[in-house]
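Visitor: Quick one: the structure is below, and I'll ask about it shortly.
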Amino acid sequence: MPHDDPDHPHALLPPEPALRVKALETLLTRKGLVDPAALDAIIDTYEHRIGPKNGADVVARAWSDPDFRAALLNDATAVVRELGYYGRQGEHIVAVENTPETHNMVVCTLCSCYPWPLLGIPPGWYKSDAYRARAVREPRKVLAEFGVVLPERTAVRVWDSTAEIRYLVLPMRPAGTDGLDRAALAALVSRDSMIGTGLPQAPA
């Protein structure tokens, strides 16, 4: 069997995902196929410069500054570009605001279009066939499975991301946060709350 052959590359990889990644990185580096410095730069980009913390910063600014919020809802692309949260997979951003009357939820029914500069790499469930199909057909049931149970009076609006337009949900600001600064507010914002499948944390 190929998987039992000690010369087969798959047999050299440990079972733990983190160790498998490190082993693959080592093998590719030794073969001259990967530059470790370039790989470190890519990892640093997605860990520190691209990811949900960027989106959380935008949400916290919108909660703190009415003028910023109005500008974001009017032209999110221009606003996030000015902040530097712009680039591949985030060329055209639309912000949609949750209210007591409307809860917004984002899906990509064709593939996994997603605002990478604001939210980082899309989670596995976002790319799954089940989420992509069910989010449109039965959004309330899907939200309930994420732990989001909305009042009956709150309508659910589903937005379908495309290669041309990606969406950022502006969640409602939690009660009891009037005295918090922007950094503290950003800490309450989760990735899922900016997709619409979660809610911001309540302050401690």
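In the structure tokens, chains take letters A, B, ... by order of appearance, with residues numbered from 1 within each chain and ligands from 1 in the order shown.
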Check which residues of stretch 105-172 of chain A sit at most 9 Å from stretch 52-72 of chain A using only C-alpha atoms, and return one row each with the closest pair of atoms and their distance in Å to one decimal, ordered by chain and rising number, as JSON lines.
Guide:
```
{"residue": "A:Trp116", "atom": "CA", "partner": "A:Pro52", "partner_atom": "CA", "distance": 8.7}
{"residue": "A:Pro117", "atom": "CA", "partner": "A:Asn54", "partner_atom": "CA", "distance": 7.3}
{"residue": "A:Leu118", "atom": "CA", "partner": "A:Gly55", "partner_atom": "CA", "distance": 4.5}
{"residue": "A:Leu119", "atom": "CA", "partner": "A:Pro52", "partner_atom": "CA", "distance": 4.0}
{"residue": "A:Gly120", "atom": "CA", "partner": "A:Pro52", "partner_atom": "CA", "distance": 5.8}
{"residue": "A:Ile121", "atom": "CA", "partner": "A:Pro52", "partner_atom": "CA", "distance": 8.9}
{"residue": "A:Leu168", "atom": "CA", "partner": "A:Gly55", "partner_atom": "CA", "distance": 7.9}
{"residue": "A:Val169", "atom": "CA", "partner": "A:Val59", "partner_atom": "CA", "distance": 8.7}
{"residue": "A:Leu170", "atom": "CA", "partner": "A:Val59", "partner_atom": "CA", "distance": 6.1}
{"residue": "A:Pro171", "atom": "CA", "partner": "A:Val59", "partner_atom": "CA", "distance": 7.6}
{"residue": "A:Met172", "atom": "CA", "partner": "A:Trp63", "partner_atom": "CA", "distance": 8.3}
```
Visitor: Would you output that residue set with C-alpha atoms, as a JSON list (two decimals), in the first residue's frame?
Guide:
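Dumped to result.json:
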```json
[["chain", "number", "residue", "atom", "x", "y", "z"],
["A", 116, "TRP", "CA", -10.30, 39.26, 3.57],
["A", 117, "PRO", "CA", -8.71, 42.65, 4.44],
["A", 118, "LEU", "CA", -11.40, 43.18, 7.12],
["A", 119, "LEU", "CA", -12.14, 39.67, 8.37],
["A", 120, "GLY", "CA", -9.11, 37.56, 7.42],
["A", 121, "ILE", "CA", -9.43, 34.12, 5.89],
["A", 168, "LEU", "CA", -19.50, 43.86, 6.37],
["A", 169, "VAL", "CA", -22.25, 43.63, 8.97],
["A", 170, "LEU", "CA", -22.25, 46.51, 11.44],
["A", 171, "PRO", "CA", -23.70, 44.85, 14.56],
["A", 172, "MET", "CA", -25.70, 46.72, 17.16]]
```
Visitor: Of the residues A:Cys113, A:Leu33, A:Leu73, A:Ala155, which is the one nearest to A:Pro100, using only C-alpha atoms?
Guide: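 Smallest distance to A:Pro100 is found for A:Ala155.
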Visitor: Looking only at the backbone, which of the residues in chain A does DSSP tag as strand (DSSP E or B), as number ranges by chain?
Guide: A: 93-97, 102-107, 155-160, 166-170
Visitor: The selected residues should be written to file as a JSON list (two decimals), in the first residue's frame (atoms: C-alpha atoms).
Guide:
```
[["chain", "number", "residue", "atom", "x", "y", "z"],
["A", 93, "ILE", "CA", -17.07, 46.69, 0.43],
["A", 94, "VAL", "CA", -20.66, 47.45, 1.44],
["A", 95, "ALA", "CA", -21.55, 47.91, 5.12],
["A", 96, "VAL", "CA", -25.02, 46.88, 6.28],
["A", 97, "GLU", "CA", -26.31, 47.87, 9.72],
["A", 102, "THR", "CA", -33.47, 44.08, 10.74],
["A", 103, "HIS", "CA", -30.69, 41.56, 11.26],
["A", 104, "ASN", "CA", -28.24, 41.15, 8.39],
["A", 105, "MET", "CA", -26.48, 37.93, 7.49],
["A", 106, "VAL", "CA", -23.85, 37.32, 4.78],
["A", 107, "VAL", "CA", -23.31, 34.29, 2.60],
["A", 155, "ALA", "CA", -36.59, 40.53, 9.99],
["A", 156, "VAL", "CA", -33.56, 38.64, 8.66],
["A", 157, "ARG", "CA", -31.99, 39.94, 5.48],
["A", 158, "VAL", "CA", -29.47, 37.72, 3.69],
["A", 159, "TRP", "CA", -26.81, 39.33, 1.52],
["A", 160, "ASP", "CA", -25.09, 37.27, -1.18],
["A", 166, "ARG", "CA", -18.31, 41.88, -0.23],
["A", 167, "TYR", "CA", -20.33, 42.79, 2.83],
["A", 168, "LEU", "CA", -19.50, 43.86, 6.37],
["A", 169, "VAL", "CA", -22.25, 43.63, 8.97],
["A", 170, "LEU", "CA", -22.25, 46.51, 11.44]]
```
Visitor: Can you pull out every residue from stretch 72-172 of chain A that DSSP, working from the backbone, puts in helix (DSSP H, G or I), and format the result as an NGL selection string?
Guide: :A and (72-74 or 76-83 or 116-119 or 124-127 or 129-137 or 139-145)
Visitor: Atom CA of A:Thr77 and atom CA of A:His92 are how many Å apart?
Guide: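 If I compute the distance from atom CA of A:Thr77 to atom CA of A:His92, I get 5.4 Å.
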Visitor: Would you mind telling me which residue in A:Cys111, A:Gly179, A:Ala23, A:Ala163 lies nearest to A:Ser128 when using only C-alpha atoms?
Guide: A:Cys111
Visitor: Just to confirm, what's the straight-line distance from atom CA of A:Arg81 to atom CA of A:Ile165 in Å (one decimal)?
Guide: 14.5 Å
Visitor: What gap, in Å, lies between atom CA of A:Lys127 and atom CA of A:Ser112?
Guide: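 Here the two named atoms are 5.2 Å from each other.
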